[in-house]
Amino acid sequence: MKNIAPALLAFLIVSAAAPAVRAEAALPLRFDHYYTLAEVGEALQALHKAYPGLTTLEEIGRSEEGRPIWAMTVNNPKTGPALAKPGVYVDGNIHGNEIQGGEISLYLLDYLLGRYGKNEEVTALVDKNCFYVVPVVNVDGRYHFLADPNNASSGRGLRIPIDDDRDGLLDEDPPDDLDNDGNITQMRRKDPFGQYKTNPEDPRLTVRIKPGERGEWTLLGEEGIDNDGDGRVNEDAEGYVDPNRQWGFDWAPSYVEGGAGEYPFQGRGLRALAGWMMTKTNICLGWSFHNFGGMFLRGPTRKGLGDYPPQDVAVYDYIGRQAERITPGYRYMVSWKDLYTTYGDSVEWLVRHLGAYGYCGEVFQASAESFKTGEEAERTTPRGEVEQMLRGDFRALERIKYSDNLTMGEMYKPWAPFKHPTYGDIEIGGWVKMSNRLSAPFMLPDLVHRNAMSVLFSAKHTPEVTLDVTEVKKIGDGLFRVRTRLANAKAVPSMSFQAQKDRLYPQDRLTVSGPNARVMAGGVLVDRDFDRVSHKKDRPDVQFLVVPGFGRVEHQFLVEGRGEVTLRYVSRHAGIREVRISL
């Protein structure tokens with residue numbers, strides 16, 4: 001196993017500015033707070049130390065600022081090598097501010113390892129599958145989001161400097177924490193000609209005036225000053241390269257897709273992660289956890305790509321609808337059709353390059369920030385919630401009541417006067433960093449558990465193929481008819497139909513061989529009652545196939561010879577099965 005102590009030391013050095021780290025993470029892990037980046041590394045170390053026989057912990061690459069990206073593999077070597085089993089891939093925190101994915105990933109690891117040998121279903125899942133988990137993809141983003149002043153939506157991108165205002169300087173005019181409270185909130189100024197007025201139901205909020213109404217406020221945007229003296233405020237923050245618009249399938253330049261960067265995999269850490277994933281040829285399912293909307297998304301991410309084959313859609317629907325049941329209020333959706341189009345998406349890359357089934361989990365559910373009676377809830381229309389959230393104007397009154405009554409006001413900072421060097425007398429206040437897109441810590445245990453259970457339900461349905469010899473019949477002097485059945489008891493086929501369509505890798509193989517035997521004819525048994533066979537013309541001893549979900553494939557061989565014969569099934573995603581018979 002790789003020695004990771006030097007890498008961990010470097011990790012702690014580059015994270016030295018983070019909040020204090022406990023001397024040792026206690027297991028089981030706690031999910032009543034958000035882990036700093038250093039604490040994520042500490043938690044992974046603790047899991048690996050506690051379960052060395054089931055885990056491999058490795059540094060798979062480094063970020064732009066030199067922070068290691070950690071991956072943990074969970075596999076029971078006693079039931080076979082990792083690559084010989086169905087692989088389930090999980091990642092989180094690809095956007096720096098979307099930190100819940102890191103918590104879901106850690107919870108999944110803690111749950112699998114802590115219950116192995118104690119819970120029959122968990123034990124069976126670990127024995128059958130291999131789990132690849134990357135809790136934090138954007139390690140620089142997570143570090144800076146938690147350590148630096150931000151709002152709930154800032155700090156998303158990779159730390160690649162970009163000249164946003166084209167003045168020859170890089171990242172020189174970001175928002176500024178003017179009141180030194182650790183948050184980037186909002187600025188407003190009294191203005192009778194402004195476009196906003198005080199909300200009559202709560203003086204902390206503003207609403208847009210109607211035509212003919214007198215204004216009261218001008219909203220000046222995020223806290224900040226004109227750092228570079230160009231007459232604009234906050235126009236060149238940390239360069240925005242979006243790590244989920246950077247992947248090497250269907251990438252588009254920034255004039256088509258904002259944040260795309262200069263070329264695919266410009267991000268150093270993303271290149272390393274993709275290269276590592278390409279070596280995990282057994283990945284047949286993937287989950288990437290983001291933080292906004294209460295959704296499980298599948299591709300395609302763009303209409304022009306066309307829909308997935310109907311057989312794959314049936315698999316997506318089966319798992320996606322069950323995930324909706326596991327996480328009440330979430331919606332299973334198609335990315336381009338039900339949300340918006342994206343290019344260079346990580347999950348689409350997973351589908352199109354690795355041939356896996358992929359889901360994006362958007363885990364923050366705004367409706368959970370509820371402050372209303374059952375009768376009031378019945379009158380709401382949550383179907384429009386996602387669209388309202390994207391406009392940024394949803395349910396402000398209910399949210400502030402939720403903050404007041406369930407977090408004792410911690411989500412919202414009251415407005416306070418401030419003397420701005422450019423704007424003069426203003427007020428600073430509004431929603432703080434740890435709000436809006438982020439579940440309150442008391443809600444985390446339920447969120448991480450339900451999303452982890454969605455992953456585990458899908459893991460139950462990775463291919464589970466059996467190989468049976470259903471008949472060995474002598475039909476002539478030294479000639480035998482051998483029939484086989486490959487059956488899959490689970491929903492996910494041994495190879496996705498999209499992978500077959502794109503010819504991403506070879507299909508499964510069923511071979512028949514023996515030292516004193518020769519296959520004279522062989523093919524798919526179309527109708528066993530009437531002995532109809534679709535024969536393979538060349539090399540009948542090698543049959544290429546895919547075992548569908550909840551389905552079977554039968555073959556018939558005419559074998560000449562005697563003695564032992566081996567029937568061997570080999571699949572990239574379903575593993576290896578072998579049966580021996582005697583003629």
# chains A, B, ... in the order shown; residues from 1 in each chain; ligands from 1
$ select_by_dssp --residues "region 8-230 of chain A" --states "helix (DSSP H, G or I)" --output "MDAnalysis selection string"
chainID A and resid 8:14 37:50 77:79 82:84 100:115 120:128 139:147
$ residues_around --residues "Ala521 (chain A)" --least-positions-apart "2" --cutoff "7 Å" --atoms "only C-alpha atoms" --output "list of chain:residue names"
A:Val519, A:His535, A:Pro540, A:Phe557, A:Leu558
$ residues_around --residues "Asp404 (chain A)" --least-positions-apart "4" --cutoff "12 Å" --atoms "only C-alpha atoms" --output "MDAnalysis selection string"
chainID A and resid 202 204 369:371 397:400 408:414
$ residues_around --residues "Gly361 (chain A)" --least-positions-apart "5" --cutoff "7 Å" --atoms "only C-alpha atoms" --output "PyMOL selection string"
chain A and resi 288-290+295-297
$ residues_around --residues "Glu103 (chain A)" --least-positions-apart "6" --cutoff "8 Å" --atoms "only C-alpha atoms" --output "number ranges by chain"
A: 31, 34-35, 135, 448
$ select_by_dssp --residues "region 241-361 of chain A" --states "strand (DSSP E or B)" --output "JSON list (two decimals) with N, CA, C and O atoms, in the first residue's frame"
[["chain", "number", "residue", "atom", "x", "y", "z"],
["A", 241, "VAL", "N", -12.93, 29.87, -13.38],
["A", 241, "VAL", "CA", -12.94, 28.68, -14.22],
["A", 241, "VAL", "C", -13.78, 27.66, -13.48],
["A", 241, "VAL", "O", -13.44, 27.24, -12.36],
["A", 283, "ILE", "N", -15.88, 0.99, -13.14],
["A", 283, "ILE", "CA", -16.92, 1.92, -12.70],
["A", 283, "ILE", "C", -18.14, 1.79, -13.61],
["A", 283, "ILE", "O", -18.06, 2.03, -14.81],
["A", 284, "CYS", "N", -19.26, 1.40, -13.03],
["A", 284, "CYS", "CA", -20.49, 1.27, -13.81],
["A", 284, "CYS", "C", -21.57, 2.22, -13.33],
["A", 284, "CYS", "O", -22.60, 2.38, -14.00],
["A", 285, "LEU", "N", -21.37, 2.85, -12.16],
["A", 285, "LEU", "CA", -22.30, 3.83, -11.62],
["A", 285, "LEU", "C", -21.51, 4.98, -11.02],
["A", 285, "LEU", "O", -20.45, 4.75, -10.40],
["A", 286, "GLY", "N", -22.00, 6.20, -11.19],
["A", 286, "GLY", "CA", -21.32, 7.35, -10.61],
["A", 286, "GLY", "C", -22.30, 8.37, -10.07],
["A", 286, "GLY", "O", -23.38, 8.58, -10.63],
["A", 287, "TRP", "N", -21.92, 8.99, -8.97],
["A", 287, "TRP", "CA", -22.71, 10.05, -8.34],
["A", 287, "TRP", "C", -21.80, 11.23, -8.06],
["A", 287, "TRP", "O", -20.71, 11.06, -7.50],
["A", 288, "SER", "N", -22.25, 12.42, -8.43],
["A", 288, "SER", "CA", -21.53, 13.65, -8.11],
["A", 288, "SER", "C", -22.48, 14.56, -7.35],
["A", 288, "SER", "O", -23.56, 14.90, -7.84],
["A", 289, "PHE", "N", -22.08, 14.95, -6.13],
["A", 289, "PHE", "CA", -22.99, 15.69, -5.26],
["A", 289, "PHE", "C", -22.67, 17.18, -5.25],
["A", 289, "PHE", "O", -21.56, 17.59, -4.93],
["A", 290, "HIS", "N", -23.69, 17.97, -5.61],
["A", 290, "HIS", "CA", -23.66, 19.43, -5.59],
["A", 290, "HIS", "C", -24.62, 19.90, -4.49],
["A", 290, "HIS", "O", -25.03, 19.11, -3.65],
["A", 295, "MET", "N", -32.61, 17.96, -6.21],
["A", 295, "MET", "CA", -32.80, 17.28, -7.50],
["A", 295, "MET", "C", -31.82, 16.13, -7.66],
["A", 295, "MET", "O", -30.70, 16.19, -7.15],
["A", 296, "PHE", "N", -32.26, 15.11, -8.38],
["A", 296, "PHE", "CA", -31.36, 14.10, -8.92],
["A", 296, "PHE", "C", -31.42, 14.24, -10.44],
["A", 296, "PHE", "O", -32.45, 14.00, -11.06],
["A", 297, "LEU", "N", -30.31, 14.65, -11.03],
["A", 297, "LEU", "CA", -30.26, 14.94, -12.46],
["A", 297, "LEU", "C", -29.55, 13.83, -13.21],
["A", 297, "LEU", "O", -28.53, 13.30, -12.75],
["A", 298, "ARG", "N", -30.10, 13.49, -14.35],
["A", 298, "ARG", "CA", -29.38, 12.64, -15.30],
["A", 298, "ARG", "C", -29.22, 13.42, -16.60],
["A", 298, "ARG", "O", -29.90, 14.41, -16.84],
["A", 331, "ARG", "N", -36.62, 15.94, -6.73],
["A", 331, "ARG", "CA", -37.20, 15.59, -8.02],
["A", 331, "ARG", "C", -36.13, 14.97, -8.92],
["A", 331, "ARG", "O", -35.02, 15.49, -9.02],
["A", 332, "TYR", "N", -36.48, 13.87, -9.54],
["A", 332, "TYR", "CA", -35.62, 13.21, -10.52],
["A", 332, "TYR", "C", -35.89, 13.88, -11.88],
["A", 332, "TYR", "O", -37.02, 13.91, -12.34],
["A", 333, "MET", "N", -34.85, 14.41, -12.50],
["A", 333, "MET", "CA", -35.02, 15.28, -13.66],
["A", 333, "MET", "C", -33.96, 15.01, -14.73],
["A", 333, "MET", "O", -32.92, 14.42, -14.45],
["A", 334, "VAL", "N", -34.25, 15.47, -15.95],
["A", 334, "VAL", "CA", -33.29, 15.44, -17.06],
["A", 334, "VAL", "C", -32.64, 16.81, -17.15],
["A", 334, "VAL", "O", -33.33, 17.84, -17.21],
["A", 357, "TYR", "N", -23.40, 4.71, -15.70],
["A", 357, "TYR", "CA", -24.63, 5.46, -15.45],
["A", 357, "TYR", "C", -24.29, 6.55, -14.43],
["A", 357, "TYR", "O", -23.65, 6.25, -13.41],
["A", 358, "GLY", "N", -24.71, 7.78, -14.70],
["A", 358, "GLY", "CA", -24.29, 8.88, -13.84],
["A", 358, "GLY", "C", -25.44, 9.75, -13.37],
["A", 358, "GLY", "O", -26.36, 10.06, -14.14],
["A", 359, "TYR", "N", -25.38, 10.15, -12.10],
["A", 359, "TYR", "CA", -26.36, 11.05, -11.50],
["A", 359, "TYR", "C", -25.65, 12.23, -10.85],
["A", 359, "TYR", "O", -24.56, 12.07, -10.27],
["A", 360, "CYS", "N", -26.28, 13.38, -10.94],
["A", 360, "CYS", "CA", -25.84, 14.57, -10.21],
["A", 360, "CYS", "C", -26.87, 14.85, -9.12],
["A", 360, "CYS", "O", -28.06, 15.04, -9.43],
["A", 361, "GLY", "N", -26.44, 14.86, -7.89],
["A", 361, "GLY", "CA", -27.34, 15.16, -6.77],
["A", 361, "GLY", "C", -27.20, 16.60, -6.35],
["A", 361, "GLY", "O", -26.11, 17.03, -5.94]]
$ closest_residue --among "A:Pro161, A:Phe131, A:Ala260, A:Leu220" --to "Asp425 (chain A)" --atoms "only C-alpha atoms"
A:Leu220
$ closest_residue --among "A:Asn97, A:Thr218, A:Asn119, A:Ser346" --to "Leu146 (chain A)" --atoms "only C-alpha atoms"
A:Asn97
$ atom_distance --atom1 "CA of Tyr423 (chain A)" --atom2 "CA of Leu178 (chain A)"
13.0 Å
$ residues_around --residues "region 579-581 of chain A" --least-positions-apart "3" --cutoff "7 Å" --atoms "only C-alpha atoms" --output "list in words"
Glu564, Val565, Thr566, Leu567 and Arg568 of chain A
$ write_last_selection --atoms "N, CA, C and O atoms" --output "PDB file, in the first residue's frame"
ATOM      1  N   GLU A 564     -12.684 -32.664 -19.506  1.00  0.00           N
ATOM      2  CA  GLU A 564     -13.123 -31.424 -18.861  1.00  0.00           C
ATOM      3  C   GLU A 564     -13.213 -30.275 -19.852  1.00  0.00           C
ATOM      4  O   GLU A 564     -12.328 -30.085 -20.686  1.00  0.00           O
ATOM      5  N   VAL A 565     -14.284 -29.500 -19.707  1.00  0.00           N
ATOM      6  CA  VAL A 565     -14.512 -28.299 -20.518  1.00  0.00           C
ATOM      7  C   VAL A 565     -14.802 -27.139 -19.564  1.00  0.00           C
ATOM      8  O   VAL A 565     -15.580 -27.281 -18.619  1.00  0.00           O
ATOM      9  N   THR A 566     -14.169 -26.004 -19.836  1.00  0.00           N
ATOM     10  CA  THR A 566     -14.349 -24.807 -19.008  1.00  0.00           C
ATOM     11  C   THR A 566     -15.168 -23.771 -19.760  1.00  0.00           C
ATOM     12  O   THR A 566     -14.854 -23.417 -20.898  1.00  0.00           O
ATOM     13  N   LEU A 567     -16.219 -23.287 -19.123  1.00  0.00           N
ATOM     14  CA  LEU A 567     -17.006 -22.178 -19.641  1.00  0.00           C
ATOM     15  C   LEU A 567     -16.686 -20.971 -18.779  1.00  0.00           C
ATOM     16  O   LEU A 567     -16.852 -21.005 -17.547  1.00  0.00           O
ATOM     17  N   ARG A 568     -16.232 -19.892 -19.426  1.00  0.00           N
ATOM     18  CA  ARG A 568     -15.738 -18.721 -18.680  1.00  0.00           C
ATOM     19  C   ARG A 568     -16.384 -17.449 -19.212  1.00  0.00           C
ATOM     20  O   ARG A 568     -16.354 -17.170 -20.415  1.00  0.00           O
TER      21      ARG A 568
END
$ atom_distance --atom1 "CA of Tyr143 (chain A)" --atom2 "CA of Tyr330 (chain A)"
28.4 Å
$ atom_distance --atom1 "CA of Ala25 (chain A)" --atom2 "CA of Glu39 (chain A)"
7.8 Å
$ residues_around --residues "Leu27 (chain A)" --least-positions-apart "2" --cutoff "10 Å" --atoms "only C-alpha atoms" --output "PyMOL selection string"
chain A and resi 24-25+29-30+43+46-47+50+110+114
$ write_last_selection --atoms "N, CA and C atoms" --output "PDB file, in the first residue's frame"
ATOM      1  N   GLU A  24      -6.988  14.093  16.683  1.00  0.00           N
ATOM      2  CA  GLU A  24      -7.360  12.831  16.055  1.00  0.00           C
ATOM      3  C   GLU A  24      -8.870  12.802  15.869  1.00  0.00           C
ATOM      4  N   ALA A  25      -9.321  12.410  14.675  1.00  0.00           N
ATOM      5  CA  ALA A  25     -10.761  12.340  14.412  1.00  0.00           C
ATOM      6  C   ALA A  25     -11.346  11.147  15.152  1.00  0.00           C
ATOM      7  N   LEU A  29     -17.655   9.171  12.656  1.00  0.00           N
ATOM      8  CA  LEU A  29     -17.566  10.600  12.387  1.00  0.00           C
ATOM      9  C   LEU A  29     -18.851  11.308  12.794  1.00  0.00           C
ATOM     10  N   ARG A  30     -18.747  12.598  13.054  1.00  0.00           N
ATOM     11  CA  ARG A  30     -19.899  13.418  13.436  1.00  0.00           C
ATOM     12  C   ARG A  30     -20.374  14.221  12.229  1.00  0.00           C
ATOM     13  N   ALA A  43     -10.213  12.996   8.815  1.00  0.00           N
ATOM     14  CA  ALA A  43     -11.255  11.969   8.886  1.00  0.00           C
ATOM     15  C   ALA A  43     -10.918  10.782   7.994  1.00  0.00           C
ATOM     16  N   ALA A  46      -8.320   8.731   9.669  1.00  0.00           N
ATOM     17  CA  ALA A  46      -8.874   7.948  10.776  1.00  0.00           C
ATOM     18  C   ALA A  46      -9.610   6.713  10.260  1.00  0.00           C
ATOM     19  N   LEU A  47     -10.380   6.865   9.177  1.00  0.00           N
ATOM     20  CA  LEU A  47     -11.086   5.719   8.593  1.00  0.00           C
ATOM     21  C   LEU A  47     -10.107   4.683   8.069  1.00  0.00           C
ATOM     22  N   ALA A  50      -8.504   2.841  10.950  1.00  0.00           N
ATOM     23  CA  ALA A  50      -9.415   1.929  11.635  1.00  0.00           C
ATOM     24  C   ALA A  50      -9.770   0.713  10.793  1.00  0.00           C
ATOM     25  N   ASP A 110     -18.059   6.313   6.244  1.00  0.00           N
ATOM     26  CA  ASP A 110     -18.217   5.971   7.652  1.00  0.00           C
ATOM     27  C   ASP A 110     -19.295   4.911   7.844  1.00  0.00           C
ATOM     28  N   GLY A 114     -18.204   1.301   9.064  1.00  0.00           N
ATOM     29  CA  GLY A 114     -18.632   1.077  10.439  1.00  0.00           C
ATOM     30  C   GLY A 114     -19.639  -0.042  10.584  1.00  0.00           C
TER      31      GLY A 114
END
